[in-house]
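Raw contents of data_29.tsv, TSV, C-alpha atoms:
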chain	number	residue	atom	x	y	z
A	12	MET	CA	-8.79	-5.47	9.56
A	13	ILE	CA	-5.90	-4.04	11.56
A	14	LEU	CA	-5.86	-0.26	11.12
A	15	HIS	CA	-5.21	3.17	12.56
A	16	GLN	CA	-8.14	5.12	13.96
A	17	SER	CA	-8.49	8.53	15.61
A	18	PRO	CA	-7.06	9.91	17.80
A	19	PRO	CA	-4.83	11.46	16.64
A	20	PRO	CA	-6.73	12.59	13.52
A	21	HIS	CA	-4.03	12.17	10.85
A	22	GLY	CA	-4.78	10.97	7.32
A	23	ALA	CA	-4.41	7.21	7.88
A	24	ALA	CA	-6.52	7.40	11.04
A	25	LYS	CA	-9.31	9.26	9.26
A	26	VAL	CA	-9.37	6.61	6.52
A	27	GLY	CA	-9.40	3.94	9.23
A	28	ASP	CA	-12.42	5.65	10.80
A	29	PHE	CA	-14.20	5.61	7.43
A	30	ILE	CA	-13.47	1.90	6.92
A	31	ALA	CA	-14.48	0.82	10.41
A	32	ASN	CA	-17.79	2.68	10.09
A	33	SER	CA	-18.52	1.63	6.50
A	34	ARG	CA	-21.97	0.04	6.31
A	35	LYS	CA	-21.26	-1.20	2.77
A	36	LEU	CA	-18.09	-2.99	3.82
A	37	ASN	CA	-19.71	-4.57	6.86
A	38	ASP	CA	-22.66	-5.71	4.72
A	39	ALA	CA	-20.32	-7.26	2.13
A	40	PHE	CA	-18.08	-9.06	4.64
A	41	GLU	CA	-18.14	-10.28	8.21
A	42	CYS	CA	-15.52	-7.93	9.61
A	43	ARG	CA	-13.52	-7.70	12.80
A	44	PHE	CA	-11.47	-4.58	13.55
A	45	ILE	CA	-8.31	-4.16	15.60
A	46	ARG	CA	-7.16	-0.61	16.23
A	47	ILE	CA	-3.44	0.11	16.01
A	48	ARG	CA	-2.79	2.26	19.08
A	49	SER	CA	0.48	4.19	19.27
A	50	ALA	CA	0.40	8.00	19.28
A	51	GLU	CA	-2.53	9.62	21.07
A	52	THR	CA	-1.70	13.15	19.87
A	53	ILE	CA	0.07	14.74	16.89
A	54	GLU	CA	2.97	15.60	19.21
A	55	ASP	CA	3.52	11.88	20.04
A	56	ILE	CA	4.01	10.81	16.42
A	57	GLY	CA	7.54	9.52	15.81
A	58	ARG	CA	8.51	9.38	19.50
A	59	VAL	CA	9.55	6.17	21.28
A	60	SER	CA	8.20	5.51	24.77
A	61	ILE	CA	7.56	2.67	27.22
A	62	LYS	CA	3.83	3.16	26.64
A	63	LYS	CA	4.23	2.59	22.89
A	64	ILE	CA	6.24	-0.58	23.50
A	65	CYS	CA	3.48	-1.88	25.78
A	66	LEU	CA	0.86	-1.01	23.15
A	67	ALA	CA	2.88	-2.89	20.51
A	68	VAL	CA	3.01	-5.99	22.72
A	69	SER	CA	-0.73	-5.69	23.32
A	70	LEU	CA	-1.36	-5.39	19.58
A	71	PHE	CA	0.68	-8.54	18.93
A	72	PHE	CA	-1.46	-10.61	21.30
A	73	ARG	CA	-4.75	-9.08	20.12
A	74	VAL	CA	-3.88	-10.07	16.53
A	75	LEU	CA	-2.84	-13.56	17.65
A	76	VAL	CA	-6.11	-14.13	19.54
A	77	MET	CA	-8.19	-12.84	16.61
A	78	LEU	CA	-6.42	-15.14	14.14
A	79	VAL	CA	-7.06	-18.15	16.40
A	80	LEU	CA	-10.69	-17.38	17.22
A	81	PHE	CA	-12.00	-15.64	14.11
A	82	ARG	CA	-10.09	-17.56	11.38
A	83	PRO	CA	-10.22	-14.77	8.72
A	84	GLN	CA	-10.06	-15.42	4.99
A	85	LYS	CA	-8.69	-11.94	4.31
A	86	ILE	CA	-6.34	-9.85	6.44
A	87	TYR	CA	-6.12	-6.09	5.88
A	88	PHE	CA	-3.33	-4.05	7.49
A	89	THR	CA	-2.32	-0.37	7.31
A	90	ALA	CA	1.43	-0.65	6.95
A	91	SER	CA	4.23	1.73	7.93
A	92	VAL	CA	7.16	2.43	5.62
A	93	SER	CA	10.03	3.09	8.06
A	94	GLY	CA	11.11	3.84	11.60
A	95	ILE	CA	10.20	1.93	14.76
A	96	ALA	CA	6.68	1.37	13.41
A	97	PHE	CA	8.11	-0.66	10.51
A	98	TYR	CA	9.90	-3.05	12.90
A	99	ARG	CA	6.71	-3.42	14.93
A	100	ASP	CA	4.86	-4.27	11.69
A	101	LEU	CA	7.60	-6.70	10.70
A	102	LEU	CA	7.14	-8.69	13.91
A	103	LEU	CA	3.36	-8.62	13.55
A	104	SER	CA	3.62	-9.92	10.00
A	105	ILE	CA	5.13	-13.17	11.28
A	106	LEU	CA	1.70	-13.95	12.79
A	107	TRP	CA	-0.37	-13.59	9.63
A	108	ARG	CA	2.39	-15.00	7.42
A	109	SER	CA	2.36	-18.21	9.47
A	110	TYR	CA	-1.44	-18.22	9.56
A	111	SER	CA	-1.67	-17.76	5.77
A	112	VAL	CA	0.63	-20.70	5.11
A	113	ILE	CA	-1.76	-22.94	7.06
A	114	PHE	CA	-5.15	-21.47	6.11
A	115	GLY	CA	-4.47	-19.75	2.78
A	116	ALA	CA	-5.70	-16.29	3.76
A	117	GLU	CA	-5.10	-13.31	1.45
A	118	VAL	CA	-3.09	-10.47	3.02
A	119	PHE	CA	-3.51	-6.82	1.97
A	120	TYR	CA	-1.14	-4.01	2.97
A	121	HIS	CA	-2.65	-0.55	2.57
A	122	TYR	CA	-0.02	2.22	2.36
A	123	HIS	CA	-1.21	5.75	3.20
A	124	THR	CA	2.17	7.39	2.77
A	125	LYS	CA	5.35	7.12	0.72
A	126	GLY	CA	9.01	6.59	1.59
A	127	ILE	CA	9.71	2.91	0.92
A	128	ASP	CA	12.39	3.70	-1.67
A	129	ASN	CA	14.15	6.14	0.66
A	130	PHE	CA	14.08	3.57	3.49
A	131	VAL	CA	15.44	0.62	1.51
A	132	SER	CA	18.14	2.79	-0.08
A	133	LYS	CA	19.67	3.56	3.32
A	134	SER	CA	21.02	0.05	3.92
A	135	LYS	CA	21.06	-3.47	2.54
A	136	LEU	CA	19.43	-4.71	5.77
A	137	ASN	CA	16.47	-2.37	5.26
A	138	LEU	CA	16.03	-3.75	1.75
A	139	ILE	CA	16.17	-7.39	2.92
A	140	LEU	CA	13.67	-6.80	5.74
A	141	THR	CA	11.28	-4.84	3.50
A	142	ARG	CA	11.39	-7.55	0.86
A	143	PHE	CA	10.58	-10.13	3.53
A	144	PHE	CA	7.70	-7.99	4.77
A	145	LEU	CA	6.23	-7.56	1.26
A	146	GLN	CA	6.78	-11.11	0.03
A	147	ASN	CA	3.61	-12.57	-1.54
A	148	VAL	CA	1.16	-9.97	-0.16
A	149	ASN	CA	-1.29	-7.71	-1.99
A	150	VAL	CA	-0.36	-4.03	-1.89
A	151	ILE	CA	-2.94	-1.22	-1.98
A	152	LEU	CA	-1.54	2.17	-3.06
A	153	LEU	CA	-3.22	5.56	-3.25
A	154	SER	CA	-2.37	6.09	-6.92
A	155	ARG	CA	-0.21	4.87	-9.80
A	156	LEU	CA	2.21	7.73	-9.15
A	157	LEU	CA	3.30	5.97	-5.94
A	158	LYS	CA	4.13	2.60	-7.55
A	159	LYS	CA	7.68	3.65	-8.44
A	160	ASP	CA	8.37	3.95	-4.70
A	161	PHE	CA	8.32	0.11	-4.63
A	162	ASP	CA	10.63	-0.52	-7.60
A	163	ASN	CA	13.46	-1.83	-5.40
A	164	ALA	CA	11.13	-3.94	-3.28
A	165	ASN	CA	8.92	-5.40	-5.98
A	166	VAL	CA	8.21	-8.79	-4.43
A	167	TYR	CA	4.52	-8.34	-3.70
A	168	LYS	CA	1.81	-10.53	-5.23
A	169	ASN	CA	-0.55	-7.90	-6.69
A	170	VAL	CA	-0.84	-4.13	-6.60
A	171	PHE	CA	-4.15	-2.23	-6.47
A	172	PHE	CA	-4.79	1.50	-6.66
A	173	LEU	CA	-7.34	3.04	-4.33
A	174	PRO	CA	-7.74	6.85	-4.20
A	175	ASN	CA	-8.91	8.16	-0.86
A	176	GLY	CA	-12.48	9.33	-0.42
A	177	ILE	CA	-14.28	11.32	2.25
A	178	THR	CA	-17.84	11.60	3.49
A	179	ASN	CA	-20.11	13.88	1.49
A	180	ASN	CA	-22.33	15.54	4.09
A	181	ILE	CA	-22.89	18.81	2.23
A	182	ASN	CA	-26.31	19.84	0.98
A	183	GLU	CA	-25.93	20.77	-2.70
A	184	ALA	CA	-28.61	23.47	-2.73
A	185	ASP	CA	-27.22	25.06	0.42
A	186	LEU	CA	-23.68	25.07	-0.98
A	187	ASP	CA	-24.84	26.56	-4.30
A	188	GLN	CA	-26.55	29.43	-2.49
A	189	HIS	CA	-23.50	29.95	-0.30
A	190	LEU	CA	-21.19	30.16	-3.35
A	191	ILE	CA	-23.45	32.75	-4.99
A	192	ARG	CA	-23.27	34.94	-1.88
A	193	LYS	CA	-19.56	34.29	-1.42
A	194	TYR	CA	-18.59	35.55	-4.86
A	195	GLU	CA	-21.04	38.44	-5.17
A	196	ASP	CA	-18.44	40.88	-3.86
A	197	PRO	CA	-15.21	39.19	-2.65
A	198	ARG	CA	-13.57	42.37	-1.33
A	199	LYS	CA	-10.97	40.53	0.72
A	200	ILE	CA	-9.41	37.24	-0.44
A	201	GLN	CA	-9.31	34.60	2.29
A	202	ILE	CA	-6.42	32.10	2.12
A	203	LEU	CA	-6.60	28.94	4.24
A	204	TYR	CA	-3.77	26.72	5.50
A	205	LEU	CA	-5.25	23.66	7.23
A	206	SER	CA	-2.82	20.92	8.16
A	207	GLN	CA	-0.38	19.97	10.91
A	208	MET	CA	1.61	23.03	11.96
A	209	THR	CA	5.00	21.67	10.94
A	210	LYS	CA	7.70	22.80	8.51
A	211	GLU	CA	7.18	19.56	6.58
A	212	LYS	CA	3.57	20.55	5.85
A	213	GLY	CA	4.63	24.00	4.64
A	214	TYR	CA	3.35	26.59	7.09
A	215	GLN	CA	6.56	28.61	6.59
A	216	GLU	CA	5.90	29.01	2.87
A	217	VAL	CA	2.42	30.35	3.63
A	218	LEU	CA	3.88	32.79	6.17
A	219	SER	CA	6.27	33.97	3.43
A	220	LEU	CA	3.21	34.50	1.22
A	221	ALA	CA	1.62	36.65	3.88
A	222	LYS	CA	4.79	38.74	4.08
A	223	HIS	CA	4.97	38.99	0.28
A	224	THR	CA	1.36	40.24	-0.04
A	225	LEU	CA	1.40	42.52	3.01
A	226	GLY	CA	-0.70	45.63	2.35
A	227	ARG	CA	-3.00	43.90	-0.13
A	228	SER	CA	-6.59	42.86	0.58
A	229	ILE	CA	-5.67	39.28	1.54
A	230	HIS	CA	-6.08	37.54	4.89
A	231	TYR	CA	-4.41	34.26	5.88
A	232	HIS	CA	-6.01	31.70	8.20
A	233	PHE	CA	-3.90	28.94	9.79
A	234	ALA	CA	-5.47	25.92	11.49
A	235	GLY	CA	-3.82	22.80	12.84
A	236	ALA	CA	-2.03	21.23	15.81
A	237	TRP	CA	1.59	21.94	16.73
A	238	GLN	CA	4.02	19.03	16.78
A	239	THR	CA	6.76	20.98	18.59
A	240	SER	CA	6.88	24.13	20.72
A	241	LYS	CA	9.78	25.32	18.56
A	242	ASP	CA	7.53	25.51	15.49
A	243	LYS	CA	4.95	27.43	17.51
A	244	ASP	CA	7.53	29.96	18.73
A	245	LEU	CA	8.95	30.46	15.22
A	246	PHE	CA	5.46	31.01	13.81
A	247	PHE	CA	4.51	33.81	16.18
A	248	GLU	CA	8.00	35.37	16.11
A	249	PHE	CA	7.75	35.63	12.32
A	250	ILE	CA	4.34	37.32	12.62
A	251	ASP	CA	5.63	39.86	15.15
A	252	LYS	CA	8.85	40.55	13.27
A	253	ASN	CA	7.07	41.20	9.96
A	254	ASN	CA	4.02	43.07	11.29
A	255	LEU	CA	1.58	40.41	10.10
A	256	SER	CA	-0.81	40.42	13.06
A	257	ASP	CA	-3.53	42.14	11.00
A	258	SER	CA	-3.04	39.77	8.05
A	259	VAL	CA	-2.80	36.41	9.83
A	260	THR	CA	-5.15	34.53	12.17
A	261	TYR	CA	-4.26	31.27	13.91
A	262	HIS	CA	-7.35	29.23	14.82
A	263	GLY	CA	-5.70	26.30	16.61
A	264	PHE	CA	-6.73	22.71	15.99
A	265	VAL	CA	-10.21	22.74	14.45
A	266	GLU	CA	-12.95	20.22	13.76
A	267	GLY	CA	-16.70	20.10	13.32
A	268	THR	CA	-18.53	23.35	12.65
A	269	THR	CA	-15.42	25.51	13.12
A	270	LYS	CA	-13.56	23.57	10.45
A	271	GLU	CA	-16.56	23.69	8.11
A	272	ASN	CA	-16.83	27.46	8.51
A	273	LEU	CA	-13.18	27.94	7.60
A	274	TYR	CA	-13.65	25.97	4.37
A	275	ARG	CA	-16.82	27.90	3.54
A	276	MET	CA	-15.04	31.22	4.08
A	277	ALA	CA	-11.86	30.35	2.11
A	278	HIS	CA	-11.29	31.33	-1.50
A	279	VAL	CA	-8.11	29.24	-1.91
A	280	LEU	CA	-6.37	26.51	0.08
A	281	ALA	CA	-2.57	26.93	0.31
A	282	TYR	CA	-0.92	23.51	0.56
A	283	PRO	CA	2.88	23.70	0.04
A	284	SER	CA	3.65	20.34	1.65
A	285	HIS	CA	7.20	18.96	1.56
A	286	ASN	CA	6.07	15.34	1.84
A	287	ASP	CA	2.63	13.88	1.13
A	288	ALA	CA	0.98	10.93	-0.55
A	289	PHE	CA	-2.75	11.71	-0.93
A	290	PRO	CA	-3.79	14.47	1.50
A	291	LEU	CA	-7.40	14.38	2.68
A	292	THR	CA	-7.25	18.14	3.26
A	293	ILE	CA	-7.28	18.67	-0.50
A	294	LEU	CA	-10.37	16.45	-0.87
A	295	GLU	CA	-12.13	18.36	1.91
A	296	SER	CA	-11.23	21.62	0.23
A	297	LEU	CA	-12.61	20.52	-3.15
A	298	SER	CA	-15.79	19.28	-1.47
A	299	TYR	CA	-16.48	22.86	-0.32
A	300	GLY	CA	-15.66	24.30	-3.73
A	301	VAL	CA	-12.27	25.67	-2.69
A	302	PRO	CA	-9.44	25.44	-5.28
A	303	VAL	CA	-5.95	24.45	-4.14
A	304	ILE	CA	-2.46	25.74	-4.88
A	305	ALA	CA	-0.22	22.87	-3.81
A	306	SER	CA	3.27	21.43	-4.18
A	307	ARG	CA	4.15	18.50	-6.44
A	308	GLN	CA	4.12	15.69	-3.92
A	309	GLY	CA	2.88	12.10	-4.14
A	310	SER	CA	-0.53	11.85	-5.81
A	311	ILE	CA	-1.33	15.58	-5.78
A	312	PRO	CA	-0.73	15.98	-9.56
A	313	ILE	CA	-3.63	13.60	-10.27
A	314	MET	CA	-5.86	14.96	-7.50
A	315	LEU	CA	-5.86	18.43	-9.06
A	316	ASP	CA	-6.35	19.47	-12.67
A	317	GLU	CA	-5.83	22.88	-14.28
A	318	LYS	CA	-9.36	24.00	-13.28
A	319	THR	CA	-9.22	22.97	-9.62
A	320	GLY	CA	-5.86	24.46	-8.78
A	321	LEU	CA	-2.15	24.68	-9.45
A	322	VAL	CA	0.63	22.19	-8.72
A	323	VAL	CA	3.96	23.95	-8.12
A	324	SER	CA	6.94	21.78	-9.06
A	325	ASP	CA	9.59	23.58	-7.01
A	326	LEU	CA	8.80	24.90	-3.53
A	327	LYS	CA	11.35	27.68	-4.10
A	328	ASP	CA	8.90	29.08	-6.65
A	329	TYR	CA	5.78	28.62	-4.50
A	330	VAL	CA	5.37	32.23	-3.38
A	331	ARG	CA	5.90	33.63	-6.88
A	332	GLU	CA	3.62	31.11	-8.65
A	333	PHE	CA	0.94	31.43	-5.98
A	334	ASP	CA	0.90	35.19	-6.32
A	335	SER	CA	0.84	35.18	-10.12
A	336	SER	CA	-1.99	32.64	-10.41
A	337	LEU	CA	-4.16	33.46	-7.38
A	338	THR	CA	-6.75	35.71	-9.02
A	339	SER	CA	-7.42	33.21	-11.83
A	340	PHE	CA	-9.02	30.85	-9.28
A	341	ILE	CA	-11.26	33.39	-7.53
A	342	SER	CA	-14.61	32.75	-9.22
A	343	GLN	CA	-17.90	31.02	-8.62
A	344	GLN	CA	-17.39	28.90	-11.75
A	345	THR	CA	-14.10	27.56	-10.42
A	346	ALA	CA	-15.69	26.80	-7.04
A	347	GLN	CA	-18.54	24.88	-8.64
A	348	TYR	CA	-16.14	22.89	-10.83
A	349	CYS	CA	-14.09	21.93	-7.74
A	350	ARG	CA	-17.25	20.64	-6.10
A	351	GLU	CA	-18.24	18.67	-9.22
A	352	ARG	CA	-14.82	17.04	-9.46
A	353	PHE	CA	-15.01	15.97	-5.83
A	354	VAL	CA	-18.46	14.41	-6.25
A	355	LYS	CA	-17.33	12.54	-9.36
A	356	GLU	CA	-13.96	11.25	-8.11
A	357	PHE	CA	-13.45	11.40	-4.35
A	358	THR	CA	-16.53	10.47	-2.34
A	359	LEU	CA	-16.51	7.86	0.38
A	360	LYS	CA	-19.15	5.96	-1.59
A	361	LYS	CA	-16.71	5.46	-4.46
A	362	PHE	CA	-13.90	4.57	-2.04
A	363	GLU	CA	-16.06	1.91	-0.38
A	364	SER	CA	-17.06	0.34	-3.70
A	365	CYS	CA	-13.45	0.22	-4.90
A	366	LEU	CA	-12.19	-1.33	-1.65
A	367	ILE	CA	-14.86	-4.03	-1.76
A	368	GLY	CA	-13.93	-4.65	-5.41
A	369	ILE	CA	-10.30	-5.14	-4.45
A	370	PHE	CA	-11.18	-7.69	-1.76
A	371	ASN	CA	-13.48	-9.59	-4.14
A	372	GLU	CA	-10.91	-9.60	-6.93

Whole structure given in structure tokens:
Amino acid sequence: MILHQSPPPHGAAKVGDFIANSRKLNDAFECRFIRIRSAETIEDIGRVSIKKICLAVSLFFRVLVMLVLFRPQKIYFTASVSGIAFYRDLLLSILWRSYSVIFGAEVFYHYHTKGIDNFVSKSKLNLILTRFFLQNVNVILLSRLLKKDFDNANVYKNVFFLPNGITNNINEADLDQHLIRKYEDPRKIQILYLSQMTKEKGYQEVLSLAKHTLGRSIHYHFAGAWQTSKDKDLFFEFIDKNNLSDSVTYHGFVEGTTKENLYRMAHVLAYPSHNDAFPLTILESLSYGVPVIASRQGSIPIMLDEKTGLVVSDLKDYVREFDSSLTSFISQQTAQYCRERFVKEFTLKKFESCLIGIFNE
């Protein structure tokens, strides 16, 4: 299993952490894990450096040695859709493609994002290389909504659908008591934005919300790491210019107890992402009984139903639709339903069972 792991703690890395630490998976199969090392921080993602080139060379030889010594029957790989990472993956694939011809191993590519269609549409060369990369492998996608992304590169062997899951470490009785206290007298509505602090993830839309609702009993909490100093400067300039210092709090990058406390405090998660496939933030939010008002991206329309939140089709309408629907989600009943949907659909236990089923099939 060749996969991303933290750091940095982005979605694919978190799923990689779950897989590497899965007792069920390690009981079902004799596993060996190779970590894909590239970016060490959120800021490093997408940048080319000598260090990354050296790490790619190291990864190539680690995979080669593992194939020779371990002789796997199944090879699992978290694949990239475009950019320099795709070309790295393309070179790596020559190793297991050659190995599979000799030893008949099954290869599985797990995609944690979308963008294949956009990449292959840019040039004929991109299409040819992507088709070569996908030829005769098994593809694991996050949902059926993402299958159309592969329409122009449909040369894979099989396709499987595997919704993400996260660890359920919350005590039900404790959460129930917390929700009762939380909704006894919600005098001030607490809105949470928890994601990378980038325009692509939608922090600007949430700032616009704060400006739109200025003077009302609503407070906005932002948490996440900056990818550029420009985004950071724009964020605080907007707050100063629009007198939002009393309505907005920035908590920085959070994890552990601090992150848990933000979810427990929040009444609604604002998630106006411009590009997403299956965000773990939404699953975390539902696990704490927090409904979500999100954008129509990737698998989000099947992650949320009409009781757990709202999916806004056009980001231009996000502020208006958020404002008009907000109060309908502020209730203990809604919070409890969000929690129930998470337990039923999105636990790590279900994810593990489905992944093992895919490998066995």

Identify the residues within 12 Å of coordinate (-7.5, -18.1, 13.6) (same frame as the file), considering all atoms listed in the file, and give the answer as a count of residues only. 23

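Between Lys270 of chain A and the residues A:Ile311, A:Leu203, A:Val330, A:Val322, the shortest atom-to-atom distance, using only C-alpha atoms, involves A:Leu203.
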
Counting all atoms listed in the file, figure out which residue out of A:Phe97, A:Phe353, A:Phe333, A:Tyr299 gets nearest to Asn182 of chain A. A:Tyr299

Atom CA of Thr358 of chain A to atom CA of Asp160 of chain A, straight-line distance in Å: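 Atom-to-atom, atom CA of Asp160 of chain A to atom CA of Thr358 of chain A, that is 25.8 Å.
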
Compile the contact shell of Arg46 of chain A as a list in words: residues with an atom at most 12 Å away, counting all atoms listed in the file, same-chain residues fewer than 6 positions apart removed.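 Once the nearby chain positions are removed, what remains is Met12, Ile13, Leu14, His15, Gln16, Ser17, Pro18, Ala23, Ala24, Gly27, Asp28, Ile30, Ala31, Leu66, Ala67, Ser69, Leu70, Phe71, Arg73, Val74, Tyr87, Phe88 and Thr89 of chain A.
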
Can you spit out the residues from that selection as a compact mmCIF listing (two decimals), in the frame of the given file, using C-alpha atoms?
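Full text of again27.txt as output:
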# COMPACT_ATOMS: atom_id res chain seq x y z
CA MET A 12 -8.79 -5.47 9.56
CA ILE A 13 -5.90 -4.04 11.56
CA LEU A 14 -5.86 -0.26 11.12
CA HIS A 15 -5.21 3.17 12.56
CA GLN A 16 -8.14 5.12 13.96
CA SER A 17 -8.49 8.53 15.61
CA PRO A 18 -7.06 9.91 17.80
CA ALA A 23 -4.41 7.21 7.88
CA ALA A 24 -6.52 7.40 11.04
CA GLY A 27 -9.40 3.94 9.23
CA ASP A 28 -12.42 5.65 10.80
CA ILE A 30 -13.47 1.90 6.92
CA ALA A 31 -14.48 0.82 10.41
CA LEU A 66 0.86 -1.01 23.15
CA ALA A 67 2.88 -2.89 20.51
CA SER A 69 -0.73 -5.69 23.32
CA LEU A 70 -1.36 -5.39 19.58
CA PHE A 71 0.68 -8.54 18.93
CA ARG A 73 -4.75 -9.08 20.12
CA VAL A 74 -3.88 -10.07 16.53
CA TYR A 87 -6.12 -6.09 5.88
CA PHE A 88 -3.33 -4.05 7.49
CA THR A 89 -2.32 -0.37 7.31

Would you mind listing what lies within 7 Å of Ile304 of chain A as a list in words, with all atoms listed in the file counted and same-chain residues fewer than 6 positions away left out?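 Counting only the stated atoms, we get Leu280, Ala281, Tyr282, Gly320, Leu321, Val322 and Phe333 of chain A.
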
Restricted to C-alpha atoms, what would the selected residues look like written as a short mmCIF file (atom, residue, chain, number, x, y, z; two decimals), in the coordinates of the input?
data_model
loop_
_atom_site.label_atom_id
_atom_site.label_comp_id
_atom_site.auth_asym_id
_atom_site.auth_seq_id
_atom_site.Cartn_x
_atom_site.Cartn_y
_atom_site.Cartn_z
CA LEU A 280 -6.37 26.51 0.08
CA ALA A 281 -2.57 26.93 0.31
CA TYR A 282 -0.92 23.51 0.56
CA GLY A 320 -5.86 24.46 -8.78
CA LEU A 321 -2.15 24.68 -9.45
CA VAL A 322 0.63 22.19 -8.72
CA PHE A 333 0.94 31.43 -5.98
#

Which polymer residues have any atom within 8 Å of an atom of segment 126-139 of chain A, counting only C-alpha atoms, with same-chain residues fewer than 6 positions away left out, as a list in words?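 In the requested format, the answer is Val92, Ser93, Asp160, Phe161, Asp162, Asn163 and Ala164 of chain A.
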
Written file, previous selection with C-alpha atoms, as a compact mmCIF listing (two decimals), keeping the file's coordinate frame:
# COMPACT_ATOMS: atom_id res chain seq x y z
CA VAL A 92 7.16 2.43 5.62
CA SER A 93 10.03 3.09 8.06
CA ASP A 160 8.37 3.95 -4.70
CA PHE A 161 8.32 0.11 -4.63
CA ASP A 162 10.63 -0.52 -7.60
CA ASN A 163 13.46 -1.83 -5.40
CA ALA A 164 11.13 -3.94 -3.28

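In this model, the gap between atom CA of Ser310 of chain A and atom CA of Val166 of chain A comes to 22.5 Å.
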
Taking (0.2, -6.6, -3.8) in the file's coordinates, which residues come within 8 Å, counting all atoms listed in the file, written as an MDAnalysis selection string? chainID A and resid 119:120 145 147:151 167:171

I need the chosen residues saved as a compact mmCIF listing (two decimals), in the coordinates of the input, with C-alpha atoms.
# COMPACT_ATOMS: atom_id res chain seq x y z
CA PHE A 119 -3.51 -6.82 1.97
CA TYR A 120 -1.14 -4.01 2.97
CA LEU A 145 6.23 -7.56 1.26
CA ASN A 147 3.61 -12.57 -1.54
CA VAL A 148 1.16 -9.97 -0.16
CA ASN A 149 -1.29 -7.71 -1.99
CA VAL A 150 -0.36 -4.03 -1.89
CA ILE A 151 -2.94 -1.22 -1.98
CA TYR A 167 4.52 -8.34 -3.70
CA LYS A 168 1.81 -10.53 -5.23
CA ASN A 169 -0.55 -7.90 -6.69
CA VAL A 170 -0.84 -4.13 -6.60
CA PHE A 171 -4.15 -2.23 -6.47
